[in-house]
Amino acid sequence: MSAGTRSEKPVGRLRRLLDRLSSSEEELQSAELQQDAQDAGCTRICDCDDRQIVKVTGTLRHVTLRPRAGVPALEAELFDGSAALDVVWLGRRSIVGIEPGRKLIASGRVSLSHGRRVLFNPKYELRPLGQE
(Lines give C-alpha, C1' and ligand atoms only; values in the text may rest on other atoms or scores of the structure.)
Protein backbone atom coordinates (compact mmCIF):
# COMPACT_ATOMS: atom_id res chain seq x y z
CA MET A 1 0.00 0.00 0.00
CA SER A 2 1.50 3.36 -0.96
CA ALA A 3 1.70 6.33 1.39
CA GLY A 4 -0.76 8.24 -0.81
CA THR A 5 -3.38 5.50 -0.46
CA ARG A 6 -2.91 5.32 3.32
CA SER A 7 -3.43 9.08 3.68
CA GLU A 8 -6.64 8.96 1.59
CA LYS A 9 -8.52 6.72 4.04
CA PRO A 10 -8.48 9.13 7.01
CA VAL A 11 -9.51 11.96 4.70
CA GLY A 12 -12.49 9.83 3.54
CA ARG A 13 -13.45 8.99 7.10
CA LEU A 14 -13.02 12.61 8.17
CA ARG A 15 -15.14 13.76 5.22
CA ARG A 16 -17.93 11.29 6.13
CA LEU A 17 -17.80 12.41 9.76
CA LEU A 18 -18.00 16.08 8.77
CA ASP A 19 -20.85 15.30 6.36
CA ARG A 20 -22.78 13.51 9.14
CA LEU A 21 -22.23 16.38 11.56
CA SER A 22 -23.37 18.97 9.04
CA SER A 23 -26.42 16.97 7.86
CA SER A 24 -29.86 17.51 9.32
CA GLU A 25 -31.62 14.74 11.27
CA GLU A 26 -34.07 14.33 8.38
CA GLU A 27 -31.24 13.86 5.86
CA LEU A 28 -29.63 11.25 8.09
CA GLN A 29 -32.90 9.35 8.49
CA SER A 30 -33.49 9.47 4.72
CA ALA A 31 -30.01 8.09 4.05
CA GLU A 32 -30.57 5.32 6.61
CA LEU A 33 -33.94 4.37 5.06
CA GLN A 34 -32.41 4.28 1.56
CA GLN A 35 -29.62 2.03 2.85
CA ASP A 36 -32.23 -0.27 4.45
CA ALA A 37 -34.06 -0.51 1.12
CA GLN A 38 -30.85 -1.39 -0.70
CA ASP A 39 -29.88 -3.98 1.94
CA ALA A 40 -33.34 -5.61 1.67
CA GLY A 41 -33.02 -5.85 -2.13
CA CYS A 42 -35.96 -3.51 -2.68
CA THR A 43 -36.63 -0.96 -5.39
CA ARG A 44 -36.27 2.68 -4.32
CA ILE A 45 -39.69 4.32 -4.44
CA CYS A 46 -38.36 7.17 -6.58
CA ASP A 47 -37.44 4.55 -9.22
CA CYS A 48 -40.92 2.95 -9.35
CA ASP A 49 -42.77 3.43 -12.64
CA ASP A 50 -46.47 3.13 -13.42
CA ARG A 51 -47.64 -0.50 -13.85
CA GLN A 52 -44.31 -1.89 -12.62
CA ILE A 53 -44.33 -4.83 -10.19
CA VAL A 54 -42.12 -3.82 -7.26
CA LYS A 55 -40.95 -4.73 -3.80
CA VAL A 56 -40.41 -1.64 -1.63
CA THR A 57 -39.63 -1.00 2.02
CA GLY A 58 -39.80 2.00 4.29
CA THR A 59 -41.51 3.58 7.26
CA LEU A 60 -45.22 4.32 7.49
CA ARG A 61 -45.64 8.05 8.05
CA HIS A 62 -49.44 8.43 8.04
CA VAL A 63 -52.25 5.90 8.37
CA THR A 64 -55.80 7.00 7.52
CA LEU A 65 -59.22 5.42 7.05
CA ARG A 66 -60.53 6.95 3.83
CA PRO A 67 -63.45 5.44 1.88
CA ARG A 68 -62.95 4.97 -1.88
CA ALA A 69 -66.08 4.65 -4.01
CA GLY A 70 -68.15 3.89 -0.91
CA VAL A 71 -65.83 1.07 0.22
CA PRO A 72 -63.73 1.39 3.39
CA ALA A 73 -60.05 1.77 2.61
CA LEU A 74 -57.07 1.86 4.93
CA GLU A 75 -54.42 4.16 3.45
CA ALA A 76 -50.83 4.55 4.61
CA GLU A 77 -47.96 6.63 3.29
CA LEU A 78 -44.75 4.60 2.96
CA PHE A 79 -41.49 6.59 2.86
CA ASP A 80 -38.10 5.07 1.99
CA GLY A 81 -35.91 8.17 2.08
CA SER A 82 -36.08 8.74 -1.68
CA ALA A 83 -39.84 9.29 -2.13
CA ALA A 84 -43.22 8.24 -0.77
CA LEU A 85 -46.02 6.08 -2.07
CA ASP A 86 -49.51 5.33 -0.84
CA VAL A 87 -50.33 1.80 0.27
CA VAL A 88 -54.09 1.12 0.15
CA TRP A 89 -55.98 -1.87 1.49
CA LEU A 90 -59.53 -1.80 0.07
CA GLY A 91 -62.31 -3.15 2.27
CA ARG A 92 -60.25 -2.81 5.45
CA ARG A 93 -60.88 -0.44 8.34
CA SER A 94 -57.75 -1.45 10.24
CA ILE A 95 -54.92 -3.98 10.18
CA VAL A 96 -53.04 -4.97 13.31
CA GLY A 97 -49.50 -3.55 13.18
CA ILE A 98 -50.22 -0.99 10.46
CA GLU A 99 -49.48 2.21 12.35
CA PRO A 100 -47.32 5.33 11.92
CA GLY A 101 -43.63 4.70 12.53
CA ARG A 102 -43.78 0.99 11.65
CA LYS A 103 -41.41 -0.35 9.01
CA LEU A 104 -42.67 -2.77 6.41
CA ILE A 105 -41.91 -4.39 3.08
CA ALA A 106 -44.69 -4.22 0.48
CA SER A 107 -44.93 -5.74 -2.98
CA GLY A 108 -47.39 -5.36 -5.82
CA ARG A 109 -48.10 -3.40 -8.98
CA VAL A 110 -47.60 0.36 -8.78
CA SER A 111 -50.26 2.59 -10.25
CA LEU A 112 -50.45 6.35 -10.50
CA SER A 113 -53.45 8.07 -8.93
CA HIS A 114 -53.67 11.86 -8.97
CA GLY A 115 -49.92 12.06 -9.62
CA ARG A 116 -48.96 9.82 -6.67
CA ARG A 117 -47.61 6.28 -6.69
CA VAL A 118 -50.05 3.79 -5.14
CA LEU A 119 -49.95 0.08 -4.26
CA PHE A 120 -53.46 -1.37 -3.92
CA ASN A 121 -53.91 -4.44 -1.68
CA PRO A 122 -50.18 -5.26 -1.59
CA LYS A 123 -48.54 -8.29 -0.12
CA TYR A 124 -46.71 -7.02 2.93
CA GLU A 125 -44.40 -8.04 5.75
CA LEU A 126 -44.11 -6.05 8.95
CA ARG A 127 -40.46 -5.54 9.91
CA PRO A 128 -39.56 -6.77 13.41
CA LEU A 129 -39.91 -4.07 16.04
CA GLY A 130 -36.25 -4.43 17.04
CA GLN A 131 -35.22 -3.10 13.60
CA GLU A 132 -36.95 0.22 14.11
# chains A, B, ... in the order shown; residues from 1 in each chain; ligands from 1
call {"tool": "select_by_dssp", "arguments": {"residues": "chain A", "states": "helix (DSSP H, G or I)", "output": "NGL selection string"}}
result
:A and (3-22 or 25-39 or 45-47 or 129-131)
call {"tool": "closest_residue", "arguments": {"among": "A:Gly41, A:Gly115, A:Pro67, A:Gly58", "to": "Gly101 (chain A)", "atoms": "only C-alpha atoms"}}
result
A:Gly58
call {"tool": "select_by_dssp", "arguments": {"residues": "chain A", "states": "strand (DSSP E)", "output": "ChimeraX atom specification"}}
result
/A:53-65,73-79,84-90,103-113,116-120,123-126
call {"tool": "closest_residue", "arguments": {"among": "A:Thr59, A:Leu74, A:Val118, A:Leu85", "to": "Pro100 (chain A)", "atoms": "only C-alpha atoms"}}
result
A:Thr59
call {"tool": "closest_residue", "arguments": {"among": "A:Arg51, A:Arg44, A:Arg13, A:Arg92", "to": "Arg66 (chain A)", "atoms": "only C-alpha atoms"}}
result
A:Arg92
call {"tool": "closest_residue", "arguments": {"among": "A:Val71, A:Gly97, A:Ser30, A:Ser82", "to": "Thr43 (chain A)", "atoms": "only C-alpha atoms"}}
result
A:Ser82
call {"tool": "decode", "arguments": {"residues": "region 57-104 of chain A", "atoms": "N, CA and C atoms", "output": "mmCIF file, in the first residue's frame"}}
result
data_model
loop_
_atom_site.group_PDB
_atom_site.id
_atom_site.type_symbol
_atom_site.label_atom_id
_atom_site.label_comp_id
_atom_site.auth_asym_id
_atom_site.auth_seq_id
_atom_site.Cartn_x
_atom_site.Cartn_y
_atom_site.Cartn_z
ATOM 1 N N THR A 57 -39.626 -1.010 0.559
ATOM 2 C CA THR A 57 -39.631 -1.003 2.016
ATOM 3 C C THR A 57 -39.464 0.420 2.510
ATOM 4 N N GLY A 58 -39.920 0.671 3.709
ATOM 5 C CA GLY A 58 -39.801 1.996 4.291
ATOM 6 C C GLY A 58 -40.567 2.082 5.592
ATOM 7 N N THR A 59 -40.803 3.299 6.021
ATOM 8 C CA THR A 59 -41.508 3.575 7.263
ATOM 9 C C THR A 59 -42.862 4.194 6.949
ATOM 10 N N LEU A 60 -43.886 3.736 7.652
ATOM 11 C CA LEU A 60 -45.218 4.319 7.486
ATOM 12 C C LEU A 60 -45.254 5.675 8.191
ATOM 13 N N ARG A 61 -45.600 6.711 7.446
ATOM 14 C CA ARG A 61 -45.642 8.050 8.046
ATOM 15 C C ARG A 61 -47.043 8.432 8.489
ATOM 16 N N HIS A 62 -48.054 8.096 7.712
ATOM 17 C CA HIS A 62 -49.438 8.427 8.038
ATOM 18 C C HIS A 62 -50.301 7.204 7.759
ATOM 19 N N VAL A 63 -51.284 6.964 8.599
ATOM 20 C CA VAL A 63 -52.253 5.896 8.370
ATOM 21 C C VAL A 63 -53.625 6.516 8.555
ATOM 22 N N THR A 64 -54.497 6.347 7.531
ATOM 23 C CA THR A 64 -55.799 6.999 7.522
ATOM 24 C C THR A 64 -56.871 6.046 7.011
ATOM 25 N N LEU A 65 -58.060 6.136 7.587
ATOM 26 C CA LEU A 65 -59.217 5.420 7.049
ATOM 27 C C LEU A 65 -59.922 6.395 6.114
ATOM 28 N N ARG A 66 -59.946 6.055 4.818
ATOM 29 C CA ARG A 66 -60.529 6.948 3.825
ATOM 30 C C ARG A 66 -61.318 6.111 2.823
ATOM 31 N N PRO A 67 -62.655 6.221 2.829
ATOM 32 C CA PRO A 67 -63.453 5.444 1.875
ATOM 33 C C PRO A 67 -63.127 5.800 0.421
ATOM 34 N N ARG A 68 -63.135 4.784 -0.429
ATOM 35 C CA ARG A 68 -62.951 4.966 -1.876
ATOM 36 C C ARG A 68 -64.153 4.332 -2.562
ATOM 37 N N ALA A 69 -64.893 5.114 -3.292
ATOM 38 C CA ALA A 69 -66.083 4.647 -4.013
ATOM 39 C C ALA A 69 -67.050 3.921 -3.069
ATOM 40 N N GLY A 70 -67.205 4.459 -1.866
ATOM 41 C CA GLY A 70 -68.147 3.887 -0.912
ATOM 42 C C GLY A 70 -67.650 2.653 -0.171
ATOM 43 N N VAL A 71 -66.412 2.250 -0.422
ATOM 44 C CA VAL A 71 -65.833 1.069 0.222
ATOM 45 C C VAL A 71 -64.797 1.549 1.236
ATOM 46 N N PRO A 72 -64.777 0.980 2.452
ATOM 47 C CA PRO A 72 -63.734 1.394 3.391
ATOM 48 C C PRO A 72 -62.357 1.089 2.817
ATOM 49 N N ALA A 73 -61.421 1.969 3.101
ATOM 50 C CA ALA A 73 -60.053 1.774 2.609
ATOM 51 C C ALA A 73 -59.075 2.297 3.648
ATOM 52 N N LEU A 74 -58.130 1.458 4.030
ATOM 53 C CA LEU A 74 -57.070 1.860 4.932
ATOM 54 C C LEU A 74 -55.900 2.325 4.074
ATOM 55 N N GLU A 75 -55.511 3.586 4.240
ATOM 56 C CA GLU A 75 -54.422 4.164 3.454
ATOM 57 C C GLU A 75 -53.250 4.481 4.361
ATOM 58 N N ALA A 76 -52.050 4.217 3.868
ATOM 59 C CA ALA A 76 -50.834 4.545 4.610
ATOM 60 C C ALA A 76 -49.811 5.118 3.632
ATOM 61 N N GLU A 77 -49.034 6.070 4.100
ATOM 62 C CA GLU A 77 -47.963 6.627 3.287
ATOM 63 C C GLU A 77 -46.667 5.945 3.696
ATOM 64 N N LEU A 78 -46.015 5.304 2.733
ATOM 65 C CA LEU A 78 -44.750 4.599 2.962
ATOM 66 C C LEU A 78 -43.622 5.455 2.415
ATOM 67 N N PHE A 79 -42.619 5.731 3.246
ATOM 68 C CA PHE A 79 -41.492 6.587 2.857
ATOM 69 C C PHE A 79 -40.198 5.802 3.006
ATOM 70 N N ASP A 80 -39.367 5.822 1.952
ATOM 71 C CA ASP A 80 -38.102 5.072 1.995
ATOM 72 C C ASP A 80 -36.867 5.958 1.948
ATOM 73 N N GLY A 81 -37.032 7.259 2.120
ATOM 74 C CA GLY A 81 -35.906 8.173 2.078
ATOM 75 C C GLY A 81 -35.707 8.810 0.723
ATOM 76 N N SER A 82 -36.211 8.167 -0.338
ATOM 77 C CA SER A 82 -36.078 8.736 -1.682
ATOM 78 C C SER A 82 -37.383 9.378 -2.140
ATOM 79 N N ALA A 83 -38.507 8.791 -1.749
ATOM 80 C CA ALA A 83 -39.836 9.294 -2.128
ATOM 81 C C ALA A 83 -40.867 8.554 -1.280
ATOM 82 N N ALA A 84 -42.132 8.891 -1.497
ATOM 83 C CA ALA A 84 -43.220 8.238 -0.767
ATOM 84 C C ALA A 84 -44.193 7.622 -1.753
ATOM 85 N N LEU A 85 -44.910 6.616 -1.291
ATOM 86 C CA LEU A 85 -46.017 6.077 -2.070
ATOM 87 C C LEU A 85 -47.135 5.725 -1.110
ATOM 88 N N ASP A 86 -48.348 5.674 -1.646
ATOM 89 C CA ASP A 86 -49.510 5.329 -0.839
ATOM 90 C C ASP A 86 -49.750 3.831 -0.940
ATOM 91 N N VAL A 87 -49.989 3.210 0.208
ATOM 92 C CA VAL A 87 -50.332 1.796 0.269
ATOM 93 C C VAL A 87 -51.796 1.759 0.698
ATOM 94 N N VAL A 88 -52.660 1.104 -0.109
ATOM 95 C CA VAL A 88 -54.095 1.124 0.152
ATOM 96 C C VAL A 88 -54.629 -0.301 0.222
ATOM 97 N N TRP A 89 -55.310 -0.594 1.334
ATOM 98 C CA TRP A 89 -55.985 -1.872 1.489
ATOM 99 C C TRP A 89 -57.474 -1.607 1.387
ATOM 100 N N LEU A 90 -58.095 -2.019 0.278
ATOM 101 C CA LEU A 90 -59.529 -1.804 0.066
ATOM 102 C C LEU A 90 -60.332 -2.783 0.916
ATOM 103 N N GLY A 91 -61.440 -2.304 1.467
ATOM 104 C CA GLY A 91 -62.312 -3.153 2.265
ATOM 105 C C GLY A 91 -61.830 -3.361 3.686
ATOM 106 N N ARG A 92 -60.795 -2.647 4.097
ATOM 107 C CA ARG A 92 -60.247 -2.807 5.445
ATOM 108 C C ARG A 92 -60.386 -1.501 6.213
ATOM 109 N N ARG A 93 -60.804 -1.615 7.460
ATOM 110 C CA ARG A 93 -60.881 -0.440 8.339
ATOM 111 C C ARG A 93 -59.621 -0.325 9.192
ATOM 112 N N SER A 94 -58.998 -1.444 9.487
ATOM 113 C CA SER A 94 -57.747 -1.453 10.245
ATOM 114 C C SER A 94 -57.046 -2.781 10.012
ATOM 115 N N ILE A 95 -55.742 -2.771 10.258
ATOM 116 C CA ILE A 95 -54.919 -3.979 10.177
ATOM 117 C C ILE A 95 -53.955 -3.902 11.361
ATOM 118 N N VAL A 96 -53.922 -4.941 12.150
ATOM 119 C CA VAL A 96 -53.038 -4.973 13.313
ATOM 120 C C VAL A 96 -51.591 -4.758 12.858
ATOM 121 N N GLY A 97 -50.905 -3.829 13.495
ATOM 122 C CA GLY A 97 -49.505 -3.552 13.179
ATOM 123 C C GLY A 97 -49.303 -2.441 12.169
ATOM 124 N N ILE A 98 -50.342 -2.080 11.432
ATOM 125 C CA ILE A 98 -50.221 -0.990 10.462
ATOM 126 C C ILE A 98 -50.485 0.310 11.223
ATOM 127 N N GLU A 99 -49.393 0.988 11.556
ATOM 128 C CA GLU A 99 -49.482 2.210 12.346
ATOM 129 C C GLU A 99 -48.298 3.107 12.002
ATOM 130 N N PRO A 100 -48.427 4.417 12.227
ATOM 131 C CA PRO A 100 -47.322 5.333 11.921
ATOM 132 C C PRO A 100 -46.049 4.937 12.666
ATOM 133 N N GLY A 101 -44.924 5.025 11.949
ATOM 134 C CA GLY A 101 -43.633 4.701 12.528
ATOM 135 C C GLY A 101 -43.203 3.261 12.324
ATOM 136 N N ARG A 102 -44.103 2.410 11.858
ATOM 137 C CA ARG A 102 -43.781 0.990 11.655
ATOM 138 C C ARG A 102 -43.099 0.816 10.308
ATOM 139 N N LYS A 103 -42.092 -0.042 10.269
ATOM 140 C CA LYS A 103 -41.409 -0.351 9.008
ATOM 141 C C LYS A 103 -42.035 -1.593 8.401
ATOM 142 N N LEU A 104 -42.148 -1.590 7.077
ATOM 143 C CA LEU A 104 -42.673 -2.772 6.406
ATOM 144 C C LEU A 104 -42.102 -2.897 5.014
#
